[in-house]
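As provided, protein-v5.cif (mmCIF, C-alpha atoms) reads as follows.
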```cif
data_entry
#
loop_
_atom_site.label_atom_id
_atom_site.label_comp_id
_atom_site.auth_asym_id
_atom_site.auth_seq_id
_atom_site.Cartn_x
_atom_site.Cartn_y
_atom_site.Cartn_z
CA MET A 1 6.84 -70.22 23.67
CA ASP A 2 3.33 -71.66 23.78
CA VAL A 3 3.11 -74.11 20.85
CA TRP A 4 5.69 -76.29 19.09
CA VAL A 5 4.85 -78.35 15.97
CA ASN A 6 7.02 -81.30 14.94
CA ASN A 7 6.47 -81.80 11.21
CA ALA A 8 9.75 -83.04 9.70
CA GLY A 9 9.32 -85.88 7.24
CA VAL A 10 11.01 -87.68 4.35
CA LEU A 11 10.03 -90.87 2.55
CA ALA A 12 11.89 -93.74 0.90
CA ILE A 13 10.06 -96.37 -1.14
CA GLY A 14 11.57 -99.66 -2.26
CA GLU A 15 12.26 -103.20 -1.13
CA PHE A 16 14.09 -102.98 2.19
CA ASP A 17 17.17 -104.96 1.08
CA VAL A 18 17.36 -102.97 -2.16
CA THR A 19 17.08 -99.57 -0.47
CA PRO A 20 20.55 -98.47 0.74
CA MET A 21 20.82 -98.74 4.51
CA GLU A 22 22.10 -95.18 4.78
CA VAL A 23 18.86 -94.00 3.17
CA SER A 24 16.68 -95.93 5.64
CA GLU A 25 18.87 -94.64 8.47
CA GLN A 26 18.39 -91.04 7.36
CA VAL A 27 14.62 -91.54 7.12
CA VAL A 28 14.61 -92.68 10.75
CA LYS A 29 16.90 -89.81 11.78
CA THR A 30 14.60 -87.23 10.21
CA ASN A 31 11.19 -88.70 10.98
CA LEU A 32 11.87 -90.01 14.49
CA LEU A 33 14.99 -88.39 15.92
CA GLY A 34 13.99 -85.06 14.41
CA TYR A 35 10.86 -85.06 16.55
CA MET A 36 12.79 -86.18 19.61
CA HIS A 37 15.29 -83.35 19.15
CA GLY A 38 12.40 -80.88 18.78
CA ALA A 39 10.71 -82.09 21.96
CA HIS A 40 14.02 -82.13 23.83
CA ALA A 41 14.62 -78.49 22.85
CA VAL A 42 11.19 -77.13 23.77
CA LEU A 43 10.25 -79.04 26.92
CA PRO A 44 12.57 -77.06 29.23
CA TYR A 45 10.75 -73.87 28.16
CA PHE A 46 7.36 -75.48 28.77
CA LYS A 47 8.42 -76.72 32.21
CA THR A 48 9.85 -73.33 33.22
CA GLN A 49 6.70 -71.45 32.27
CA GLY A 50 4.38 -74.22 33.46
CA HIS A 51 2.46 -74.69 30.22
CA GLY A 52 2.87 -75.51 26.54
CA ILE A 53 1.49 -77.60 23.66
CA LEU A 54 3.63 -80.00 21.63
CA ILE A 55 1.97 -81.19 18.41
CA ASN A 56 3.41 -84.21 16.60
CA ASN A 57 2.29 -84.79 13.01
CA ILE A 58 2.64 -88.57 12.88
CA SER A 59 0.25 -89.68 10.06
CA ILE A 60 -1.83 -92.85 9.70
CA GLY A 61 1.54 -94.53 9.05
CA GLY A 62 1.87 -94.68 12.82
CA PHE A 63 -0.83 -97.38 12.82
CA LEU A 64 -0.73 -98.80 9.30
CA PRO A 65 2.55 -100.39 8.12
CA VAL A 66 3.74 -99.28 4.68
CA PRO A 67 5.05 -102.21 2.63
CA PHE A 68 8.11 -101.12 0.61
CA GLY A 69 8.53 -98.30 3.14
CA ALA A 70 10.07 -100.20 6.07
CA GLY A 71 12.23 -97.32 7.27
CA TYR A 72 9.27 -94.94 7.17
CA SER A 73 7.11 -97.40 9.11
CA ALA A 74 9.85 -97.97 11.69
CA ALA A 75 10.05 -94.22 12.30
CA LYS A 76 6.28 -93.66 12.45
CA PHE A 77 5.63 -96.60 14.80
CA GLY A 78 8.55 -95.39 16.90
CA LEU A 79 7.06 -91.90 17.00
CA ARG A 80 3.82 -93.22 18.40
CA GLY A 81 5.71 -95.05 21.14
CA PHE A 82 7.89 -92.04 21.90
CA SER A 83 4.86 -89.77 22.19
CA ALA A 84 3.00 -92.25 24.42
CA ALA A 85 5.99 -92.49 26.76
CA LEU A 86 6.32 -88.71 26.85
CA LYS A 87 2.64 -88.25 27.74
CA ALA A 88 3.00 -90.66 30.66
CA GLU A 89 6.17 -88.89 31.83
CA LEU A 90 4.46 -85.48 31.78
CA ARG A 91 1.21 -86.59 33.34
CA HIS A 92 1.97 -84.73 36.57
CA LEU A 93 2.15 -81.47 34.57
CA PRO A 94 -1.49 -81.03 33.42
CA ASN A 95 -0.83 -77.78 31.56
CA ILE A 96 1.78 -79.31 29.25
CA HIS A 97 0.09 -81.21 26.44
CA VAL A 98 1.45 -83.65 23.85
CA CYS A 99 -0.93 -83.95 20.89
CA ASP A 100 -0.62 -86.48 18.05
CA ALA A 101 -2.14 -85.84 14.62
CA PHE A 102 -2.83 -88.82 12.34
CA PRO A 103 -3.79 -87.63 8.85
CA GLY A 104 -4.29 -89.83 5.83
CA PHE A 105 -2.51 -89.16 2.52
CA LEU A 106 -2.09 -85.43 1.88
CA ASP A 107 -1.99 -83.62 -1.46
CA THR A 108 1.58 -82.38 -1.03
CA PRO A 109 4.76 -82.84 -3.13
CA GLY A 110 6.04 -85.39 -0.61
CA MET A 111 5.68 -88.30 -3.01
CA GLN A 112 7.58 -86.47 -5.77
CA HIS A 113 10.35 -85.77 -3.26
CA ALA A 114 10.60 -89.37 -2.02
CA ALA A 115 13.66 -91.55 -2.40
CA ASN A 116 12.60 -94.11 -5.00
CA TYR A 117 14.28 -97.50 -5.35
CA THR A 118 11.40 -99.21 -7.16
CA GLY A 119 12.28 -97.90 -10.61
CA LYS A 120 8.64 -96.96 -11.07
CA VAL A 121 6.74 -93.66 -10.92
CA LEU A 122 5.24 -93.21 -7.44
CA LYS A 123 1.75 -91.99 -6.65
CA PRO A 124 -0.18 -91.80 -3.36
CA GLY A 125 -3.31 -93.85 -2.70
CA PRO A 126 -6.64 -92.83 -4.27
CA ILE A 127 -7.72 -90.86 -1.21
CA VAL A 128 -5.73 -87.67 -0.59
CA TYR A 129 -6.69 -84.68 1.54
CA ASP A 130 -6.09 -80.97 1.24
CA PRO A 131 -3.09 -80.22 3.51
CA SER A 132 -4.91 -77.12 4.79
CA ARG A 133 -7.26 -79.53 6.54
CA LEU A 134 -4.38 -80.81 8.67
CA ALA A 135 -3.16 -77.26 9.26
CA ASN A 136 -6.62 -76.26 10.50
CA GLU A 137 -6.68 -79.23 12.88
CA MET A 138 -3.29 -78.18 14.26
CA VAL A 139 -4.67 -74.71 14.95
CA LYS A 140 -7.60 -76.33 16.78
CA LEU A 141 -5.20 -78.47 18.83
CA SER A 142 -3.26 -75.36 19.81
CA ILE A 143 -6.50 -73.93 21.23
CA ASN A 144 -8.10 -77.09 22.61
CA PRO A 145 -5.36 -79.72 22.98
CA MET A 146 -6.21 -83.42 22.93
CA ALA A 147 -4.02 -86.51 23.06
CA GLU A 148 -4.91 -87.80 19.58
CA LYS A 149 -6.61 -86.42 16.50
CA MET A 150 -7.47 -88.53 13.46
CA VAL A 151 -7.59 -86.27 10.42
CA GLY A 152 -9.93 -87.49 7.69
CA SER A 153 -12.36 -90.39 7.72
CA PHE A 154 -9.88 -92.52 5.73
CA SER A 155 -7.37 -92.46 8.58
CA THR A 156 -10.09 -93.43 11.05
CA LEU A 157 -11.19 -96.33 8.85
CA MET A 158 -7.62 -97.56 8.33
CA ARG A 159 -6.87 -97.42 12.05
CA PHE A 160 -10.03 -99.37 12.83
CA SER A 161 -9.34 -101.99 10.16
CA ARG A 162 -5.76 -102.42 11.34
CA THR A 163 -7.00 -102.93 14.90
CA ILE A 164 -9.58 -105.62 14.16
CA LEU A 165 -8.06 -107.25 11.06
CA PRO A 166 -4.32 -106.55 11.25
CA GLY A 167 -3.16 -109.39 9.02
CA LEU A 168 -5.73 -108.79 6.30
CA THR A 169 -5.19 -105.03 6.24
CA THR A 170 -1.43 -105.39 5.84
CA ALA A 171 -1.82 -108.11 3.20
CA ILE A 172 -4.19 -105.94 1.16
CA ALA A 173 -1.84 -102.96 1.40
CA GLY A 174 1.07 -105.05 0.16
CA SER A 175 -0.97 -106.53 -2.67
CA VAL A 176 -2.21 -103.13 -3.82
CA ILE A 177 1.30 -101.66 -3.88
CA ARG A 178 2.78 -104.68 -5.72
CA THR A 179 0.02 -104.52 -8.34
CA TYR A 180 0.55 -100.81 -8.83
CA LEU A 181 4.33 -101.14 -9.19
CA LYS A 182 3.91 -103.95 -11.69
CA HIS A 183 1.99 -101.68 -14.06
CA ALA A 184 3.46 -98.23 -13.27
CA LYS A 185 5.68 -96.37 -15.71
CA LYS A 186 9.43 -96.67 -15.32
CA THR A 187 11.57 -93.93 -13.82
CA GLU A 188 15.11 -93.49 -12.56
CA ILE A 189 16.37 -94.52 -9.14
CA THR A 190 16.82 -91.53 -6.83
CA SER A 191 17.53 -90.66 -3.21
CA GLY A 192 15.05 -87.78 -3.53
CA ASN A 193 15.28 -85.19 -0.78
CA VAL A 194 16.40 -87.62 1.92
CA PHE A 195 19.88 -86.05 2.08
CA ASN A 196 19.55 -82.81 0.13
CA PRO A 197 16.81 -80.40 -1.01
CA VAL A 198 15.40 -80.80 -4.52
CA ASN A 199 14.60 -77.96 -6.92
CA PHE A 200 11.11 -79.10 -7.90
CA GLY A 201 7.76 -79.61 -6.22
CA ASN A 202 8.08 -76.53 -4.02
CA SER A 203 4.39 -75.58 -3.92
CA VAL A 204 1.91 -76.42 -1.16
CA TYR A 205 0.05 -78.94 -3.31
CA GLY A 206 1.35 -81.99 -5.10
CA GLY A 207 -1.48 -82.07 -7.63
CA TRP A 208 -2.84 -85.44 -6.51
CA GLY A 209 -6.16 -84.51 -5.00
CA ILE A 210 -9.04 -82.08 -5.10
CA PRO A 211 -8.04 -79.23 -2.77
CA GLY A 212 -10.88 -77.83 -0.71
CA LYS A 213 -13.28 -80.64 -1.55
CA PRO A 214 -12.95 -83.34 1.14
CA LYS A 215 -16.45 -84.68 0.37
CA ALA A 216 -15.18 -85.87 -3.02
CA HIS A 217 -13.59 -88.88 -1.31
CA ARG A 218 -16.67 -90.15 0.47
CA LYS A 219 -17.39 -92.77 -2.20
CA TYR A 220 -13.99 -94.34 -1.54
CA ILE A 221 -14.58 -94.29 2.21
CA ALA A 222 -17.97 -95.93 1.74
CA LEU A 223 -16.41 -98.61 -0.47
CA GLY A 224 -13.64 -99.25 2.07
CA ALA A 225 -16.17 -99.52 4.89
CA ALA A 226 -18.22 -102.01 2.86
CA VAL A 227 -15.14 -104.15 2.20
CA LEU A 228 -14.21 -104.04 5.88
CA LEU A 229 -17.72 -105.02 6.96
CA SER A 230 -17.73 -107.91 4.50
CA ALA A 231 -14.39 -109.13 5.84
CA LEU A 232 -15.71 -108.98 9.40
CA LEU A 233 -18.78 -111.01 8.49
CA ILE A 234 -16.66 -113.62 6.71
CA LYS A 235 -14.33 -113.85 9.71
CA LYS A 236 -17.27 -114.18 12.11
CA ASN A 237 -18.91 -116.96 10.11
CA ALA A 238 -15.69 -118.83 9.37
#
```
Can you present the structure in this file as structure tokens?
Amino acid sequence: MDVWVNNAGVLAIGEFDVTPMEVSEQVVKTNLLGYMHGAHAVLPYFKTQGHGILINNISIGGFLPVPFGAGYSAAKFGLRGFSAALKAELRHLPNIHVCDAFPGFLDTPGMQHAANYTGKVLKPGPIVYDPSRLANEMVKLSINPMAEKMVGSFSTLMRFSRTILPGLTTAIAGSVIRTYLKHAKKTEITSGNVFNPVNFGNSVYGGWGIPGKPKAHRKYIALGAAVLLSALLIKKNA
């Protein structure tokens, strides 16, 4: 066994105290403990043969908190810590690699499958990427492993903004989500696929983006970079 990919993931959106605790618990079990179980199962094989590549698909959520997705954020931040600890533990085994992938929003049915306790129709942010882009990066990591891989310029920008302006970035994210939920269409409350499979949204794409055309999002990246630069200048001159 040469390569193992951890890619389990579910999502629950809603105010933390409104979202049932068993739902948040299951999100953490799947998104964090699922990866730990995967690593625990494969590492003995890697150690016996003296080599192996473990790829963790973490997402930009490992750096950027998701307001109204506290359980998801807890799992993703925990994943980043787990992976960092594992890398340090395996440092004496140079042929065993732990690689973390941090993509931005992907054009998958994940949002349709999410547990939804907002009562409003959910949509991802305006910048979504073709999931094949992440798949291609995973193939590259399996050939040339590296500790971290940011997938998409949006994820790089969000990580940078969170690093230098953590409070502002989180405040903007919360404001954007609150504004969206205020105007979004109503829908029923659901636990989505957190506990059981659903019989819809079973294709590769969710229909949110422009598959195969990553350049289509560059105007949004440029706008985000301009906003970030303006915020930095204001902070510097304050």
Do you know which residues lie at most 9 Å from (-2.0, -87.8, 11.2), with coordinates as in the file and all atoms listed in the file counted, and could you write them as a list of chain:residue names?
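Here the neighbourhood of the point contains A:Asn56, A:Asn57, A:Ile58, A:Ser59, A:Ile60, A:Gly61, A:Gly62, A:Asp100, A:Ala101, A:Phe102, A:Pro103, A:Gly104, A:Phe105, A:Leu134, A:Glu148, A:Lys149, A:Met150, A:Val151, A:Gly152, A:Ser155.
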Write a file of the selected residues as an mmCIF file, in the coordinates of the input, keeping C-alpha atoms.
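The result, written out as again_20.cif:
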```cif
data_model
loop_
_atom_site.group_PDB
_atom_site.id
_atom_site.type_symbol
_atom_site.label_atom_id
_atom_site.label_comp_id
_atom_site.auth_asym_id
_atom_site.auth_seq_id
_atom_site.Cartn_x
_atom_site.Cartn_y
_atom_site.Cartn_z
ATOM 1 C CA ASN A 56 3.410 -84.210 16.600
ATOM 2 C CA ASN A 57 2.290 -84.790 13.010
ATOM 3 C CA ILE A 58 2.640 -88.570 12.880
ATOM 4 C CA SER A 59 0.250 -89.680 10.060
ATOM 5 C CA ILE A 60 -1.830 -92.850 9.700
ATOM 6 C CA GLY A 61 1.540 -94.530 9.050
ATOM 7 C CA GLY A 62 1.870 -94.680 12.820
ATOM 8 C CA ASP A 100 -0.620 -86.480 18.050
ATOM 9 C CA ALA A 101 -2.140 -85.840 14.620
ATOM 10 C CA PHE A 102 -2.830 -88.820 12.340
ATOM 11 C CA PRO A 103 -3.790 -87.630 8.850
ATOM 12 C CA GLY A 104 -4.290 -89.830 5.830
ATOM 13 C CA PHE A 105 -2.510 -89.160 2.520
ATOM 14 C CA LEU A 134 -4.380 -80.810 8.670
ATOM 15 C CA GLU A 148 -4.910 -87.800 19.580
ATOM 16 C CA LYS A 149 -6.610 -86.420 16.500
ATOM 17 C CA MET A 150 -7.470 -88.530 13.460
ATOM 18 C CA VAL A 151 -7.590 -86.270 10.420
ATOM 19 C CA GLY A 152 -9.930 -87.490 7.690
ATOM 20 C CA SER A 155 -7.370 -92.460 8.580
#
```
Just how far from CA of Asn202 (chain A) is CA of Trp4 (chain A), in Å to one decimal?
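Interatomic distance, CA of Trp4 (chain A) to CA of Asn202 (chain A): 23.2 Å.
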Please expand the PyMOL selection byres ((chain A and resi 139) around 12) into the concrete residues it hits in this file, giving the result as a PDB file with C-alpha atoms, keeping the file's coordinate frame.
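Output (expr-v3.pdb):
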```
ATOM      1  CA  VAL A   3       3.110 -74.110  20.850  1.00  0.00           C
ATOM      2  CA  TRP A   4       5.690 -76.290  19.090  1.00  0.00           C
ATOM      3  CA  VAL A   5       4.850 -78.350  15.970  1.00  0.00           C
ATOM      4  CA  ILE A  53       1.490 -77.600  23.660  1.00  0.00           C
ATOM      5  CA  LEU A  54       3.630 -80.000  21.630  1.00  0.00           C
ATOM      6  CA  ILE A  55       1.970 -81.190  18.410  1.00  0.00           C
ATOM      7  CA  CYS A  99      -0.930 -83.950  20.890  1.00  0.00           C
ATOM      8  CA  ALA A 101      -2.140 -85.840  14.620  1.00  0.00           C
ATOM      9  CA  SER A 132      -4.910 -77.120   4.790  1.00  0.00           C
ATOM     10  CA  ARG A 133      -7.260 -79.530   6.540  1.00  0.00           C
ATOM     11  CA  LEU A 134      -4.380 -80.810   8.670  1.00  0.00           C
ATOM     12  CA  ALA A 135      -3.160 -77.260   9.260  1.00  0.00           C
ATOM     13  CA  ASN A 136      -6.620 -76.260  10.500  1.00  0.00           C
ATOM     14  CA  GLU A 137      -6.680 -79.230  12.880  1.00  0.00           C
ATOM     15  CA  MET A 138      -3.290 -78.180  14.260  1.00  0.00           C
ATOM     16  CA  LYS A 140      -7.600 -76.330  16.780  1.00  0.00           C
ATOM     17  CA  LEU A 141      -5.200 -78.470  18.830  1.00  0.00           C
ATOM     18  CA  SER A 142      -3.260 -75.360  19.810  1.00  0.00           C
ATOM     19  CA  ILE A 143      -6.500 -73.930  21.230  1.00  0.00           C
ATOM     20  CA  ASN A 144      -8.100 -77.090  22.610  1.00  0.00           C
ATOM     21  CA  PRO A 145      -5.360 -79.720  22.980  1.00  0.00           C
ATOM     22  CA  MET A 146      -6.210 -83.420  22.930  1.00  0.00           C
ATOM     23  CA  LYS A 149      -6.610 -86.420  16.500  1.00  0.00           C
TER      24      LYS A 149
END
```
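Computed from the coordinates, the CA of Leu90 (chain A) to CA of Tyr35 (chain A) distance equals 16.5 Å.
Remark: for Pro124 (chain A), the closest of the candidate residues A:Met111, A:Leu157, A:Met36, A:Val27 is A:Met111 (distances computed over all atoms listed in the file).
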Using all atoms listed in the file, determine which residues lie at most 12 Å from Leu64 (chain A), disregarding the query and same-chain residues fewer than 6 positions distant; provide the list as a PDB file with C-alpha atoms, in the frame of the given file.
```pdb
ATOM      1  CA  ILE A  58       2.640 -88.570  12.880  1.00  0.00           C
ATOM      2  CA  ALA A  70      10.070-100.200   6.070  1.00  0.00           C
ATOM      3  CA  TYR A  72       9.270 -94.940   7.170  1.00  0.00           C
ATOM      4  CA  SER A  73       7.110 -97.400   9.110  1.00  0.00           C
ATOM      5  CA  ALA A  74       9.850 -97.970  11.690  1.00  0.00           C
ATOM      6  CA  LYS A  76       6.280 -93.660  12.450  1.00  0.00           C
ATOM      7  CA  PHE A  77       5.630 -96.600  14.800  1.00  0.00           C
ATOM      8  CA  ARG A  80       3.820 -93.220  18.400  1.00  0.00           C
ATOM      9  CA  PHE A 102      -2.830 -88.820  12.340  1.00  0.00           C
ATOM     10  CA  PRO A 103      -3.790 -87.630   8.850  1.00  0.00           C
ATOM     11  CA  GLY A 104      -4.290 -89.830   5.830  1.00  0.00           C
ATOM     12  CA  PHE A 105      -2.510 -89.160   2.520  1.00  0.00           C
ATOM     13  CA  PHE A 154      -9.880 -92.520   5.730  1.00  0.00           C
ATOM     14  CA  SER A 155      -7.370 -92.460   8.580  1.00  0.00           C
ATOM     15  CA  THR A 156     -10.090 -93.430  11.050  1.00  0.00           C
ATOM     16  CA  LEU A 157     -11.190 -96.330   8.850  1.00  0.00           C
ATOM     17  CA  MET A 158      -7.620 -97.560   8.330  1.00  0.00           C
ATOM     18  CA  ARG A 159      -6.870 -97.420  12.050  1.00  0.00           C
ATOM     19  CA  PHE A 160     -10.030 -99.370  12.830  1.00  0.00           C
ATOM     20  CA  SER A 161      -9.340-101.990  10.160  1.00  0.00           C
ATOM     21  CA  ARG A 162      -5.760-102.420  11.340  1.00  0.00           C
ATOM     22  CA  THR A 163      -7.000-102.930  14.900  1.00  0.00           C
ATOM     23  CA  LEU A 165      -8.060-107.250  11.060  1.00  0.00           C
ATOM     24  CA  PRO A 166      -4.320-106.550  11.250  1.00  0.00           C
ATOM     25  CA  GLY A 167      -3.160-109.390   9.020  1.00  0.00           C
ATOM     26  CA  LEU A 168      -5.730-108.790   6.300  1.00  0.00           C
ATOM     27  CA  THR A 169      -5.190-105.030   6.240  1.00  0.00           C
ATOM     28  CA  THR A 170      -1.430-105.390   5.840  1.00  0.00           C
ATOM     29  CA  ALA A 171      -1.820-108.110   3.200  1.00  0.00           C
ATOM     30  CA  ILE A 172      -4.190-105.940   1.160  1.00  0.00           C
ATOM     31  CA  ALA A 173      -1.840-102.960   1.400  1.00  0.00           C
ATOM     32  CA  GLY A 174       1.070-105.050   0.160  1.00  0.00           C
TER      33      GLY A 174
END
```
Ref. answer, residues at most 8 Å from (-1.2, -86.6, -6.3) with all atoms listed in the file, as a list in words:
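All residues meeting the 8 Å criterion around (-1.2, -86.6, -6.3) are Asp107, Thr108, Pro109, Met111, Lys123, Pro124, Val128, Gly206, Gly207, Trp208 and Gly209 of chain A.
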Counting all atoms listed in the file, what are the residues of region 90-121 of chain A within 10 Å of region 9-26 of chain A, and for each of them which pair of atoms is the nearest and at what distance in Å, to one decimal? Sort the table by chain and rising number, as CSV.
```
residue,atom,partner,partner_atom,distance
A:Gly110,CA,A:Val10,CA,7.4
A:Met111,CA,A:Leu11,CA,7.5
A:Gln112,CA,A:Leu11,CA,9.7
A:His113,CA,A:Leu11,CA,7.7
A:Ala114,CA,A:Leu11,CA,4.8
A:Ala115,CA,A:Ala12,CA,4.3
A:Asn116,CA,A:Ile13,CA,5.1
A:Tyr117,CA,A:Gly14,CA,4.6
A:Thr118,CA,A:Gly14,CA,4.9
A:Gly119,CA,A:Gly14,CA,8.6
A:Lys120,CA,A:Gly14,CA,9.7
```
Any chance you can output those residues with C-alpha atoms as a short mmCIF file (atom, residue, chain, number, x, y, z; two decimals), in the frame of the given file?
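Written out: selection01.cif:
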```cif
data_model
loop_
_atom_site.label_atom_id
_atom_site.label_comp_id
_atom_site.auth_asym_id
_atom_site.auth_seq_id
_atom_site.Cartn_x
_atom_site.Cartn_y
_atom_site.Cartn_z
CA GLY A 110 6.04 -85.39 -0.61
CA MET A 111 5.68 -88.30 -3.01
CA GLN A 112 7.58 -86.47 -5.77
CA HIS A 113 10.35 -85.77 -3.26
CA ALA A 114 10.60 -89.37 -2.02
CA ALA A 115 13.66 -91.55 -2.40
CA ASN A 116 12.60 -94.11 -5.00
CA TYR A 117 14.28 -97.50 -5.35
CA THR A 118 11.40 -99.21 -7.16
CA GLY A 119 12.28 -97.90 -10.61
CA LYS A 120 8.64 -96.96 -11.07
#
```
Please measure the separation of CA of Lys87 (chain A) and CA of Ala147 (chain A), giving the value in Å to one decimal.
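Interatomic distance here is 8.3 Å.
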Starting from the incomplete input, reconstruct all heavy atoms of region 164-172 of chain A and report them as an mmCIF file, in the coordinates of the input.
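Result saved to rebuild28.cif:
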```
data_model
loop_
_atom_site.group_PDB
_atom_site.id
_atom_site.type_symbol
_atom_site.label_atom_id
_atom_site.label_comp_id
_atom_site.auth_asym_id
_atom_site.auth_seq_id
_atom_site.Cartn_x
_atom_site.Cartn_y
_atom_site.Cartn_z
ATOM 1 N N ILE A 164 -8.758 -104.404 14.097
ATOM 2 C CA ILE A 164 -9.580 -105.620 14.160
ATOM 3 C C ILE A 164 -9.146 -106.699 13.170
ATOM 4 O O ILE A 164 -9.368 -107.880 13.402
ATOM 5 C CB ILE A 164 -11.073 -105.287 13.948
ATOM 6 C CG1 ILE A 164 -11.307 -104.658 12.580
ATOM 7 C CG2 ILE A 164 -11.574 -104.362 15.049
ATOM 8 C CD1 ILE A 164 -12.769 -104.438 12.268
ATOM 9 N N LEU A 165 -8.508 -106.283 12.058
ATOM 10 C CA LEU A 165 -8.060 -107.250 11.060
ATOM 11 C C LEU A 165 -6.631 -106.914 10.637
ATOM 12 O O LEU A 165 -6.371 -106.557 9.485
ATOM 13 C CB LEU A 165 -8.991 -107.243 9.841
ATOM 14 C CG LEU A 165 -10.436 -107.689 10.065
ATOM 15 C CD1 LEU A 165 -11.289 -107.365 8.840
ATOM 16 C CD2 LEU A 165 -10.486 -109.193 10.359
ATOM 17 N N PRO A 166 -5.677 -107.008 11.554
ATOM 18 C CA PRO A 166 -4.320 -106.550 11.250
ATOM 19 C C PRO A 166 -3.663 -107.288 10.091
ATOM 20 O O PRO A 166 -3.055 -106.671 9.219
ATOM 21 C CB PRO A 166 -3.566 -106.784 12.564
ATOM 22 C CG PRO A 166 -4.354 -107.830 13.286
ATOM 23 C CD PRO A 166 -5.782 -107.558 12.914
ATOM 24 N N GLY A 167 -3.786 -108.610 10.078
ATOM 25 C CA GLY A 167 -3.160 -109.390 9.020
ATOM 26 C C GLY A 167 -3.740 -109.090 7.654
ATOM 27 O O GLY A 167 -3.011 -108.901 6.673
ATOM 28 N N LEU A 168 -5.059 -109.037 7.569
ATOM 29 C CA LEU A 168 -5.730 -108.790 6.300
ATOM 30 C C LEU A 168 -5.421 -107.398 5.775
ATOM 31 O O LEU A 168 -5.157 -107.213 4.580
ATOM 32 C CB LEU A 168 -7.245 -108.962 6.460
ATOM 33 C CG LEU A 168 -8.096 -108.719 5.210
ATOM 34 C CD1 LEU A 168 -7.716 -109.708 4.116
ATOM 35 C CD2 LEU A 168 -9.588 -108.836 5.547
ATOM 36 N N THR A 169 -5.450 -106.408 6.660
ATOM 37 C CA THR A 169 -5.190 -105.030 6.240
ATOM 38 C C THR A 169 -3.798 -104.888 5.657
ATOM 39 O O THR A 169 -3.602 -104.271 4.611
ATOM 40 C CB THR A 169 -5.354 -104.068 7.439
ATOM 41 O OG1 THR A 169 -6.665 -104.208 7.978
ATOM 42 C CG2 THR A 169 -5.138 -102.632 7.005
ATOM 43 N N THR A 170 -2.805 -105.471 6.320
ATOM 44 C CA THR A 170 -1.430 -105.390 5.840
ATOM 45 C C THR A 170 -1.259 -106.155 4.535
ATOM 46 O O THR A 170 -0.558 -105.698 3.622
ATOM 47 C CB THR A 170 -0.458 -105.943 6.897
ATOM 48 O OG1 THR A 170 -0.674 -105.265 8.135
ATOM 49 C CG2 THR A 170 0.982 -105.741 6.464
ATOM 50 N N ALA A 171 -1.914 -107.306 4.429
ATOM 51 C CA ALA A 171 -1.820 -108.110 3.200
ATOM 52 C C ALA A 171 -2.421 -107.358 2.016
ATOM 53 O O ALA A 171 -1.857 -107.364 0.916
ATOM 54 C CB ALA A 171 -2.544 -109.440 3.404
ATOM 55 N N ILE A 172 -3.554 -106.703 2.234
ATOM 56 C CA ILE A 172 -4.190 -105.940 1.160
ATOM 57 C C ILE A 172 -3.304 -104.780 0.735
ATOM 58 O O ILE A 172 -3.127 -104.519 -0.460
ATOM 59 C CB ILE A 172 -5.568 -105.413 1.625
ATOM 60 C CG1 ILE A 172 -6.545 -106.589 1.758
ATOM 61 C CG2 ILE A 172 -6.116 -104.386 0.635
ATOM 62 C CD1 ILE A 172 -7.894 -106.195 2.315
#
```
